[in-house]
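**Q** mmCIF, C-alpha atoms, file protein.cif:
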data_structure
loop_
_atom_site.label_atom_id
_atom_site.label_comp_id
_atom_site.auth_asym_id
_atom_site.auth_seq_id
_atom_site.Cartn_x
_atom_site.Cartn_y
_atom_site.Cartn_z
CA MET E 25 91.30 20.73 172.06
CA ASP E 26 93.19 17.74 173.45
CA LEU E 27 91.65 14.42 174.41
CA LYS E 28 91.73 15.12 178.16
CA ALA E 29 89.78 18.36 177.72
CA ILE E 30 87.15 16.64 175.57
CA MET E 31 86.70 13.86 178.13
CA PHE E 32 86.42 16.43 180.92
CA LEU E 33 83.65 18.31 179.07
CA GLN E 34 81.73 15.06 178.43
CA LEU E 35 81.96 14.22 182.12
CA LEU E 36 80.51 17.64 183.02
CA ARG E 37 77.58 17.06 180.63
CA LEU E 38 76.85 13.67 182.22
CA ILE E 39 76.87 15.18 185.70
CA ALA E 40 74.49 17.93 184.56
CA LEU E 41 72.09 15.38 183.05
CA CYS E 42 72.08 13.29 186.23
CA ASP E 43 71.35 16.35 188.37
CA ALA E 44 68.46 17.39 186.09
CA ARG E 45 66.79 13.95 186.08
CA PRO E 46 64.46 13.28 189.05
CA SER E 47 65.37 10.34 191.21
CA TRP E 48 63.40 7.09 191.02
CA ASP E 49 61.90 7.77 194.46
CA GLN E 50 60.78 11.22 193.36
CA ALA E 51 59.20 9.79 190.24
CA VAL E 52 57.32 7.17 192.25
CA ASP E 53 56.16 9.76 194.79
CA ASN E 54 54.91 12.04 192.03
CA GLU E 55 53.10 9.16 190.37
CA ASN E 56 51.45 8.15 193.66
CA THR E 57 50.43 11.76 194.37
CA GLU E 58 48.85 12.13 190.95
CA SER E 59 47.06 8.79 191.35
CA LEU E 60 45.66 9.77 194.76
CA ALA E 61 44.50 13.12 193.42
CA GLU E 62 42.36 11.31 190.85
CA GLU E 63 40.66 9.06 193.42
CA SER E 64 37.41 9.90 195.15
CA ILE E 65 37.34 9.69 198.93
CA THR E 66 35.48 6.39 198.56
CA GLU E 67 38.07 4.81 196.31
CA THR E 68 40.86 5.74 198.69
CA ILE E 69 39.07 4.55 201.83
CA LEU E 70 37.94 1.25 200.32
CA ARG E 71 41.36 0.62 198.78
CA MET E 72 43.10 1.30 202.08
CA ASN E 73 40.60 -0.90 203.97
CA ASN E 74 40.88 -3.84 201.61
CA GLU E 75 41.58 -7.03 203.59
CA SER E 76 41.07 -5.29 206.94
CA THR E 77 40.54 -7.70 209.85
CA GLU E 78 37.98 -5.36 211.44
CA TYR E 79 34.26 -5.95 210.87
CA LEU E 80 33.51 -2.78 208.91
CA VAL E 81 30.00 -1.53 208.10
CA GLU E 82 29.60 0.69 205.02
CA GLY E 83 33.31 0.33 204.33
CA ASP E 84 34.87 2.21 207.24
CA LEU E 85 32.60 2.06 210.31
CA VAL E 86 34.06 -0.22 212.96
CA PHE E 87 31.29 -2.40 214.34
CA PRO E 88 31.62 -2.57 218.15
CA ARG E 89 32.55 -5.98 219.51
CA ALA E 90 30.85 -5.47 222.88
CA ARG E 91 27.05 -5.69 223.03
CA THR E 92 26.95 -2.78 225.46
CA ALA E 93 28.54 -0.60 222.79
CA LEU E 94 25.54 -0.89 220.47
CA LYS E 95 23.73 2.03 222.12
CA CYS E 96 24.60 4.44 219.30
CA LEU E 97 22.97 2.11 216.78
CA ASN E 98 19.84 1.52 218.82
CA LYS E 99 19.00 4.74 220.65
CA LYS E 100 18.90 8.27 219.29
CA TYR E 101 21.24 10.86 220.82
CA SER E 102 22.92 8.22 223.01
CA CYS E 103 26.21 8.50 221.15
CA LEU E 104 26.75 12.25 221.37
CA TRP E 105 29.86 13.58 223.03
CA PRO E 106 28.85 15.46 226.20
CA LYS E 107 28.86 19.23 226.44
CA SER E 108 30.96 21.13 228.93
CA TYR E 109 29.76 23.92 231.20
CA SER E 110 30.97 26.42 228.60
CA GLY E 111 28.49 25.06 226.06
CA ASN E 112 31.24 23.62 223.89
CA VAL E 113 31.78 19.94 223.16
CA ASP E 114 35.24 19.12 224.47
CA ILE E 115 36.85 16.07 222.83
CA PRO E 116 40.23 14.96 224.15
CA TYR E 117 42.55 13.41 221.61
CA THR E 118 45.98 11.87 221.21
CA ILE E 119 48.13 11.42 218.12
CA VAL E 120 50.61 8.57 218.40
CA ASP E 121 54.28 9.18 217.66
CA LYS E 122 54.30 6.80 214.70
CA TYR E 123 53.28 9.77 212.56
CA THR E 124 55.79 12.27 211.23
CA ASN E 125 55.55 15.90 212.30
CA ASP E 126 54.02 16.80 208.93
CA GLU E 127 51.37 14.11 209.32
CA LYS E 128 50.58 15.28 212.84
CA GLN E 129 50.18 18.82 211.54
CA MET E 130 47.82 17.55 208.83
CA ILE E 131 45.63 15.83 211.43
CA VAL E 132 45.58 18.86 213.72
CA GLY E 133 44.85 21.18 210.79
CA ALA E 134 41.88 19.04 209.70
CA ILE E 135 40.24 19.01 213.15
CA ARG E 136 40.95 22.73 213.64
CA GLU E 137 38.88 23.41 210.51
CA ILE E 138 35.95 21.66 212.21
CA GLU E 139 36.56 23.68 215.38
CA ALA E 140 36.58 26.99 213.51
CA ARG E 141 32.95 26.63 212.42
CA THR E 142 31.33 24.67 215.25
CA CYS E 143 31.26 24.35 219.03
CA ILE E 144 33.39 21.20 218.88
CA ARG E 145 36.69 21.67 220.68
CA PHE E 146 39.55 19.19 220.35
CA MET E 147 42.07 19.26 223.18
CA PRO E 148 45.16 17.17 223.89
CA ARG E 149 44.25 14.38 226.31
CA THR E 150 45.59 14.42 229.85
CA THR E 151 43.82 11.85 232.04
CA GLN E 152 40.37 11.68 230.44
CA LYS E 153 38.83 8.22 230.11
CA SER E 154 36.92 9.03 226.92
CA TYR E 155 39.03 10.26 224.03
CA ILE E 156 39.93 9.84 220.38
CA SER E 157 43.27 8.27 219.53
CA PHE E 158 44.59 8.90 216.04
CA GLU E 159 46.64 5.85 215.08
CA PRO E 160 48.11 4.50 211.80
CA ARG E 161 46.41 1.11 211.96
CA PHE E 162 45.26 -0.80 208.89
CA GLY E 163 43.16 1.45 206.66
CA CYS E 164 40.89 4.45 207.34
CA SER E 165 38.13 3.77 209.87
CA SER E 166 36.30 4.96 212.96
CA HIS E 167 33.67 3.94 215.47
CA LEU E 168 30.28 5.61 215.28
CA GLY E 169 29.74 8.30 217.89
CA PHE E 170 30.75 8.57 221.54
CA MET E 171 31.82 5.23 223.02
CA GLY E 172 32.70 6.27 226.58
CA TYR E 173 36.28 5.05 226.45
CA LYS E 174 39.33 5.24 224.18
CA GLN E 175 38.23 5.01 220.58
CA VAL E 176 40.66 4.73 217.71
CA VAL E 177 40.39 6.72 214.52
CA SER E 178 42.58 4.71 212.18
CA LEU E 179 44.47 6.78 209.62
CA GLN E 180 46.99 4.54 207.92
CA ARG E 181 50.02 6.39 206.61
CA PHE E 182 50.54 6.90 202.87
CA GLY E 183 46.84 7.11 202.02
CA CYS E 184 44.54 8.10 204.88
CA VAL E 185 46.36 11.14 206.25
CA GLN E 186 44.69 13.82 204.14
CA THR E 187 42.23 16.50 205.18
CA GLY E 188 39.06 15.08 203.60
CA ILE E 189 39.55 11.56 204.95
CA ILE E 190 40.55 12.78 208.42
CA GLN E 191 37.39 14.90 208.63
CA HIS E 192 35.29 12.04 207.21
CA GLU E 193 36.41 9.66 209.95
CA VAL E 194 36.10 12.33 212.68
CA LEU E 195 32.49 13.00 211.63
CA HIS E 196 31.80 9.29 212.09
CA ALA E 197 33.25 9.63 215.60
CA LEU E 198 30.88 12.56 216.17
CA GLY E 199 27.93 10.31 215.30
CA PHE E 200 27.31 10.76 211.57
CA TYR E 201 26.52 8.01 209.08
CA HIS E 202 27.30 8.25 205.37
CA GLU E 203 25.07 10.65 203.47
CA HIS E 204 23.93 8.09 200.91
CA THR E 205 22.48 5.84 203.65
CA ARG E 206 20.23 8.53 205.19
CA SER E 207 16.55 7.70 205.48
CA ASP E 208 15.32 9.82 202.54
CA ARG E 209 18.10 8.94 200.10
CA ASP E 210 15.84 7.21 197.54
CA GLN E 211 14.50 10.62 196.49
CA TYR E 212 17.98 11.84 195.61
CA ILE E 213 20.15 8.90 194.61
CA ARG E 214 19.66 5.69 192.70
CA ILE E 215 21.29 2.52 193.97
CA HIS E 216 22.35 0.15 191.17
CA TRP E 217 21.82 -3.06 193.10
CA GLU E 218 22.67 -5.15 190.05
CA ASN E 219 26.23 -3.79 190.13
CA ILE E 220 26.85 -4.65 193.77
CA HIS E 221 28.12 -8.04 194.91
CA LYS E 222 25.47 -9.78 197.02
CA TYR E 223 27.82 -9.89 200.01
CA GLN E 224 28.33 -6.11 199.84
CA LYS E 225 24.70 -5.00 199.54
CA TYR E 226 24.36 -4.58 203.31
CA ASN E 227 26.64 -1.55 202.96
CA PHE E 228 23.81 0.32 201.22
CA ARG E 229 21.06 -0.26 203.78
CA LYS E 230 19.18 2.89 204.70
CA GLN E 231 19.65 4.02 208.29
CA ASP E 232 17.01 5.49 210.58
CA THR E 233 18.80 8.82 210.57
CA ASN E 234 17.93 12.17 212.08
CA ASN E 235 18.38 14.41 209.06
CA LEU E 236 18.18 17.54 211.23
CA ASN E 237 15.84 19.29 208.79
CA THR E 238 18.63 19.70 206.26
CA PRO E 239 18.51 18.95 202.52
CA TYR E 240 20.29 16.00 200.98
CA ASP E 241 23.91 16.99 200.42
CA TYR E 242 25.67 15.60 197.35
CA SER E 243 28.76 17.61 198.32
CA SER E 244 29.02 16.16 201.83
CA ILE E 245 32.38 14.78 202.86
CA MET E 246 30.29 11.82 204.08
CA HIS E 247 28.95 10.94 200.61
CA TYR E 248 30.55 8.02 198.81
CA GLY E 249 31.42 8.13 195.12
CA ARG E 250 29.77 6.59 192.09
CA THR E 251 31.59 3.25 192.08
CA ALA E 252 31.54 2.38 195.79
CA PHE E 253 31.55 -1.43 196.18
CA GLY E 254 30.92 -1.79 192.44
CA ILE E 255 31.68 -5.11 190.75
CA HIS E 256 34.73 -4.40 188.55
CA GLU E 257 34.31 -0.69 189.41
CA ALA E 258 30.78 -0.54 187.99
CA VAL E 259 28.59 2.44 188.91
CA THR E 260 26.59 1.85 192.10
CA LEU E 261 25.38 5.38 192.95
CA THR E 262 23.77 7.86 190.55
CA PRO E 263 22.31 11.22 191.61
CA ILE E 264 18.71 11.86 190.53
CA PRO E 265 17.22 13.65 188.72
CA ASP E 266 20.52 15.22 187.56
CA SER E 267 22.98 12.39 187.06
CA SER E 268 25.86 14.80 186.41
CA VAL E 269 26.00 16.11 189.98
CA GLU E 270 29.40 15.55 191.63
CA ILE E 271 29.50 13.08 194.53
CA GLY E 272 32.37 11.62 196.52
CA GLN E 273 34.40 14.83 196.90
CA ARG E 274 37.57 14.48 198.93
CA ARG E 275 38.47 18.06 199.87
CA GLU E 276 36.84 19.13 203.15
CA ILE E 277 33.59 19.27 205.10
CA SER E 278 30.77 20.97 203.21
CA ASP E 279 28.65 23.89 204.42
CA LEU E 280 25.79 21.49 205.16
CA ASP E 281 28.13 19.19 207.08
CA VAL E 282 28.86 22.19 209.31
CA VAL E 283 25.16 22.98 209.70
CA ARG E 284 24.43 19.40 210.74
CA ILE E 285 27.20 19.35 213.34
CA ASN E 286 25.90 22.57 214.85
CA ARG E 287 22.30 21.36 214.89
CA LEU E 288 23.10 17.93 216.26
CA TYR E 289 25.19 19.36 219.08
CA LYS E 290 22.99 22.46 219.54
CA CYS E 291 25.79 24.93 218.89
CA PHE E 292 23.49 27.92 219.27
CA ASN E 293 26.20 30.55 219.01
CA TYR E 294 27.13 29.45 215.49
CA GLU E 295 25.37 30.41 212.31
CA MET E 296 23.00 27.76 211.08
#
Take the structure from the file and write it as structure tokens.
**A**
Amino acid sequence: MDLKAIMFLQLLRLIALCDARPSWDQAVDNENTESLAEESITETILRMNNESTEYLVEGDLVFPRARTALKCLNKKYSCLWPKSYSGNVDIPYTIVDKYTNDEKQMIVGAIREIEARTCIRFMPRTTQKSYISFEPRFGCSSHLGFMGYKQVVSLQRFGCVQTGIIQHEVLHALGFYHEHTRSDRDQYIRIHWENIHKYQKYNFRKQDTNNLNTPYDYSSIMHYGRTAFGIHEAVTLTPIPDSSVEIGQRREISDLDVVRINRLYKCFNYEM
């Protein structure tokens, strides 16, 4: 075999090796995907919200700036979205064009899963004054309950646009606190106060919640994970009496989440 033929074969081998090797961007994307898959919903939300300029309560609840917007915090049932004549709860929404088509489909798919099991109905906004606007602002956050005007659900790209987090923030917009701050939590979860920075302890205050005659739900999409606000990722939440119970799942709303939505909004035609 002459020299030209040998060089030609070596060139073909090099081309084949280059085609088989994943690009740097693909490698980075795969690494990020694997990293996100290992995070709890808490870790992702708190990481994405780090250095946010919003005043956030419990990590992702946007505290209203106007005094008149405190009604949801001070008066029961004042922050529920109104029912329509059909008996459903119609919630107009918009998704800004800064998202890709795939991201828009992810958001719509997540809220359709809530629709499928409750009387909540999400509809594209036309001229309604009160509506949810999905926007890729800084971090993952939402207001608590019905505000009576445009309210932003922030889902920052490359982190917050995933089913569990979308549903988590939408449930805040429906009026739900985090599960681990409900009024009876001390019977079911231990708070390791010693592992929480003194300026973060307010995030674990119990709320005067209406628990809707439902059991404590470790599997709720609204439950934070074990190391939420922990100093150097120390454990801050431990289930009791069985410390091995999983908390902080990131997949989708739980069965009890569905029950609570239907009870809070009196969705009588849906199985409780």
**Q** Selection in question (the file shown): the PyMOL selection byres ((chain E and resi 287) around 12). Which residues does it include, as number ranges by chain?
**A** E: 142-144, 234-238, 280-286, 288-296
**Q** Name all residues at most 9 Å from region 148-153 of chain E (count all atoms listed in the file; drop same-chain ones fewer than 5 positions away) and give them as a count of residues only.
**A** 8
**Q** Would you mind reading off the distance between CA of Gly188 (chain E) and CA of Thr233 (chain E), one decimal, in Å?
**A**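 Between these atoms lies a distance of 22.3 Å.
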**Q** Please identify all polymer residues lying at most 10 Å from the point (52.5, 4.1, 218.0) (file coordinates), using only C-alpha atoms, and present the result as a list in words.
**A**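 Output: Ile119, Val120, Asp121, Lys122, Tyr123, Phe158, Glu159, Pro160 and Arg161 of chain E.
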**Q** For the structure provided, state which residues fall under the PyMOL selection byres ((chain E and resi 198) around 9), and present them as a list in words.
**A**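 After applying the PyMOL selection byres ((chain E and resi 198) around 9), what remains is Cys103, Leu104, Trp105, Leu168, Gly169, Phe170, Glu193, Val194, Leu195, His196, Ala197, Gly199, Phe200 and Ile285 of chain E.
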**Q** List the neighbours of Ser243 (chain E) out to 10 Å using all atoms listed in the file; skip same-chain residues closer than 5 positions along the sequence, and give me the result as a list in words.
**A** Glu203, Tyr248, Val269, Glu270, Ile271, Gly272, Gln273, Arg274, Arg275, Glu276, Ile277, Ser278, Asp279, Leu280 and Asp281 of chain E
**Q** Neighbours of Leu80 (chain E) within 12 Å (all atoms listed in the file; same-chain residues fewer than 6 positions away dropped), as a PyMOL selection string?
**A** chain E and resi 69-70+73-74+86-89+162-168+224+226-227
**Q** Figure out the distance between CA of Glu139 (chain E) and CA of His202 (chain E), please, to one decimal in Å.
**A**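 Going from CA of His202 (chain E) over to CA of Glu139 (chain E), I get 20.6 Å.
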**Q** What is the distance between CA of Pro265 (chain E) and CA of Tyr212 (chain E), in Å to one decimal?
**A**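 So the two atoms, CA of Pro265 (chain E) and CA of Tyr212 (chain E), lie 7.2 Å apart.
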**Q** Considering only C-alpha atoms, return as a compact mmCIF listing (two decimals) with C-alpha atoms, in the frame of the given file whatever protein or nucleic-acid residues lie within 12 Å of Arg229 (chain E), sequence-local ones (same chain, fewer than 4 positions apart) excluded.
**A**
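Result file is selection-v3.txt:
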# COMPACT_ATOMS: atom_id res chain seq x y z
CA VAL E 81 30.00 -1.53 208.10
CA GLU E 82 29.60 0.69 205.02
CA TYR E 201 26.52 8.01 209.08
CA HIS E 202 27.30 8.25 205.37
CA GLU E 203 25.07 10.65 203.47
CA HIS E 204 23.93 8.09 200.91
CA THR E 205 22.48 5.84 203.65
CA ARG E 206 20.23 8.53 205.19
CA SER E 207 16.55 7.70 205.48
CA ASP E 208 15.32 9.82 202.54
CA ARG E 209 18.10 8.94 200.10
CA ASP E 210 15.84 7.21 197.54
CA ILE E 215 21.29 2.52 193.97
CA TRP E 217 21.82 -3.06 193.10
CA GLN E 224 28.33 -6.11 199.84
CA LYS E 225 24.70 -5.00 199.54
CA THR E 233 18.80 8.82 210.57
**Q** For a quick check of understanding, using only C-alpha atoms, which of E:Gln129, E:Ser178, E:Ser108, E:Thr66 has the smallest distance to Glu257 (chain E)?
**A**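 Among the listed residues, E:Thr66 lies closest to Glu257 (chain E).
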**Q** Between E:Arg136, E:Lys222, E:Arg250, E:Lys128, which is the closest to Ser267 (chain E) once you count all atoms listed in the file?
**A**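 That would be E:Arg250, the residue with the smallest distance to Ser267 (chain E).
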**Q** Could you tell me which of E:Ser110, E:Ile65, E:Pro263, E:Phe146 comes closest to Arg214 (chain E) if we count all atoms listed in the file?
**A**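 That would be E:Pro263, the residue with the smallest distance to Arg214 (chain E).
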**Q** My structure is short of atoms at region 277-288 of chain E; please model all heavy atoms there, returning them as a PDB file, keeping the file's coordinate frame.
**A**
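The result, stored in result_26.pdb:
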ATOM      1  N   ILE E 277      34.993  19.264 204.721  1.00  0.00           N
ATOM      2  CA  ILE E 277      33.590  19.270 205.100  1.00  0.00           C
ATOM      3  C   ILE E 277      32.836  20.341 204.320  1.00  0.00           C
ATOM      4  O   ILE E 277      33.359  21.415 204.048  1.00  0.00           O
ATOM      5  CB  ILE E 277      33.409  19.495 206.617  1.00  0.00           C
ATOM      6  CG1 ILE E 277      34.158  20.748 207.075  1.00  0.00           C
ATOM      7  CG2 ILE E 277      33.826  18.270 207.399  1.00  0.00           C
ATOM      8  CD1 ILE E 277      33.921  21.109 208.521  1.00  0.00           C
ATOM      9  N   SER E 278      31.588  20.029 203.962  1.00  0.00           N
ATOM     10  CA  SER E 278      30.770  20.970 203.210  1.00  0.00           C
ATOM     11  C   SER E 278      30.062  21.931 204.165  1.00  0.00           C
ATOM     12  O   SER E 278      30.058  21.736 205.392  1.00  0.00           O
ATOM     13  CB  SER E 278      29.725  20.213 202.386  1.00  0.00           C
ATOM     14  OG  SER E 278      28.746  19.633 203.249  1.00  0.00           O
ATOM     15  N   ASP E 279      29.421  22.956 203.605  1.00  0.00           N
ATOM     16  CA  ASP E 279      28.650  23.890 204.420  1.00  0.00           C
ATOM     17  C   ASP E 279      27.523  23.177 205.167  1.00  0.00           C
ATOM     18  O   ASP E 279      27.246  23.475 206.333  1.00  0.00           O
ATOM     19  CB  ASP E 279      28.074  25.011 203.553  1.00  0.00           C
ATOM     20  CG  ASP E 279      29.151  25.953 203.020  1.00  0.00           C
ATOM     21  OD1 ASP E 279      30.260  25.979 203.595  1.00  0.00           O
ATOM     22  OD2 ASP E 279      28.883  26.654 202.027  1.00  0.00           O
ATOM     23  N   LEU E 280      26.872  22.225 204.506  1.00  0.00           N
ATOM     24  CA  LEU E 280      25.790  21.490 205.160  1.00  0.00           C
ATOM     25  C   LEU E 280      26.314  20.523 206.215  1.00  0.00           C
ATOM     26  O   LEU E 280      25.636  20.249 207.207  1.00  0.00           O
ATOM     27  CB  LEU E 280      24.934  20.745 204.125  1.00  0.00           C
ATOM     28  CG  LEU E 280      23.906  21.611 203.396  1.00  0.00           C
ATOM     29  CD1 LEU E 280      23.226  20.811 202.289  1.00  0.00           C
ATOM     30  CD2 LEU E 280      22.862  22.162 204.362  1.00  0.00           C
ATOM     31  N   ASP E 281      27.505  19.994 206.018  1.00  0.00           N
ATOM     32  CA  ASP E 281      28.130  19.190 207.080  1.00  0.00           C
ATOM     33  C   ASP E 281      28.269  20.037 208.345  1.00  0.00           C
ATOM     34  O   ASP E 281      27.988  19.571 209.457  1.00  0.00           O
ATOM     35  CB  ASP E 281      29.515  18.693 206.650  1.00  0.00           C
ATOM     36  CG  ASP E 281      29.468  17.584 205.617  1.00  0.00           C
ATOM     37  OD1 ASP E 281      28.495  16.823 205.601  1.00  0.00           O
ATOM     38  OD2 ASP E 281      30.426  17.486 204.823  1.00  0.00           O
ATOM     39  N   VAL E 282      28.694  21.285 208.174  1.00  0.00           N
ATOM     40  CA  VAL E 282      28.860  22.190 209.310  1.00  0.00           C
ATOM     41  C   VAL E 282      27.521  22.473 209.973  1.00  0.00           C
ATOM     42  O   VAL E 282      27.390  22.441 211.204  1.00  0.00           O
ATOM     43  CB  VAL E 282      29.519  23.519 208.851  1.00  0.00           C
ATOM     44  CG1 VAL E 282      29.519  24.542 209.986  1.00  0.00           C
ATOM     45  CG2 VAL E 282      30.938  23.268 208.366  1.00  0.00           C
ATOM     46  N   VAL E 283      26.497  22.729 209.160  1.00  0.00           N
ATOM     47  CA  VAL E 283      25.160  22.980 209.700  1.00  0.00           C
ATOM     48  C   VAL E 283      24.688  21.803 210.529  1.00  0.00           C
ATOM     49  O   VAL E 283      24.144  21.966 211.632  1.00  0.00           O
ATOM     50  CB  VAL E 283      24.155  23.268 208.557  1.00  0.00           C
ATOM     51  CG1 VAL E 283      22.719  23.269 209.077  1.00  0.00           C
ATOM     52  CG2 VAL E 283      24.466  24.607 207.896  1.00  0.00           C
ATOM     53  N   ARG E 284      24.905  20.601 210.020  1.00  0.00           N
ATOM     54  CA  ARG E 284      24.430  19.400 210.740  1.00  0.00           C
ATOM     55  C   ARG E 284      25.158  19.204 212.059  1.00  0.00           C
ATOM     56  O   ARG E 284      24.559  18.797 213.059  1.00  0.00           O
ATOM     57  CB  ARG E 284      24.551  18.179 209.840  1.00  0.00           C
ATOM     58  CG  ARG E 284      23.385  18.025 208.885  1.00  0.00           C
ATOM     59  CD  ARG E 284      23.379  16.647 208.244  1.00  0.00           C
ATOM     60  NE  ARG E 284      24.321  16.605 207.140  1.00  0.00           N
ATOM     61  CZ  ARG E 284      23.987  16.846 205.872  1.00  0.00           C
ATOM     62  NH1 ARG E 284      22.755  17.177 205.573  1.00  0.00           N
ATOM     63  NH2 ARG E 284      24.885  16.778 204.914  1.00  0.00           N
ATOM     64  N   ILE E 285      26.463  19.458 212.075  1.00  0.00           N
ATOM     65  CA  ILE E 285      27.200  19.350 213.340  1.00  0.00           C
ATOM     66  C   ILE E 285      26.617  20.320 214.361  1.00  0.00           C
ATOM     67  O   ILE E 285      26.345  19.957 215.514  1.00  0.00           O
ATOM     68  CB  ILE E 285      28.699  19.640 213.131  1.00  0.00           C
ATOM     69  CG1 ILE E 285      29.346  18.576 212.250  1.00  0.00           C
ATOM     70  CG2 ILE E 285      29.420  19.703 214.481  1.00  0.00           C
ATOM     71  CD1 ILE E 285      30.768  18.916 211.818  1.00  0.00           C
ATOM     72  N   ASN E 286      26.399  21.554 213.930  1.00  0.00           N
ATOM     73  CA  ASN E 286      25.900  22.570 214.850  1.00  0.00           C
ATOM     74  C   ASN E 286      24.477  22.269 215.324  1.00  0.00           C
ATOM     75  O   ASN E 286      24.129  22.544 216.477  1.00  0.00           O
ATOM     76  CB  ASN E 286      25.964  23.947 214.192  1.00  0.00           C
ATOM     77  CG  ASN E 286      27.379  24.482 214.118  1.00  0.00           C
ATOM     78  OD1 ASN E 286      28.185  24.233 215.009  1.00  0.00           O
ATOM     79  ND2 ASN E 286      27.703  25.206 213.057  1.00  0.00           N
ATOM     80  N   ARG E 287      23.670  21.703 214.478  1.00  0.00           N
ATOM     81  CA  ARG E 287      22.300  21.360 214.890  1.00  0.00           C
ATOM     82  C   ARG E 287      22.280  20.134 215.793  1.00  0.00           C
ATOM     83  O   ARG E 287      21.543  20.093 216.773  1.00  0.00           O
ATOM     84  CB  ARG E 287      21.417  21.140 213.660  1.00  0.00           C
ATOM     85  CG  ARG E 287      21.115  22.427 212.909  1.00  0.00           C
ATOM     86  CD  ARG E 287      20.115  22.237 211.800  1.00  0.00           C
ATOM     87  NE  ARG E 287      19.871  23.507 211.113  1.00  0.00           N
ATOM     88  CZ  ARG E 287      19.041  23.642 210.080  1.00  0.00           C
ATOM     89  NH1 ARG E 287      18.390  22.583 209.588  1.00  0.00           N
ATOM     90  NH2 ARG E 287      18.872  24.826 209.522  1.00  0.00           N
ATOM     91  N   LEU E 288      23.084  19.135 215.448  1.00  0.00           N
ATOM     92  CA  LEU E 288      23.100  17.930 216.260  1.00  0.00           C
ATOM     93  C   LEU E 288      23.584  18.225 217.675  1.00  0.00           C
ATOM     94  O   LEU E 288      23.048  17.710 218.663  1.00  0.00           O
ATOM     95  CB  LEU E 288      23.991  16.865 215.612  1.00  0.00           C
ATOM     96  CG  LEU E 288      24.067  15.513 216.331  1.00  0.00           C
ATOM     97  CD1 LEU E 288      22.694  14.838 216.361  1.00  0.00           C
ATOM     98  CD2 LEU E 288      25.083  14.603 215.661  1.00  0.00           C
TER      99      LEU E 288
END
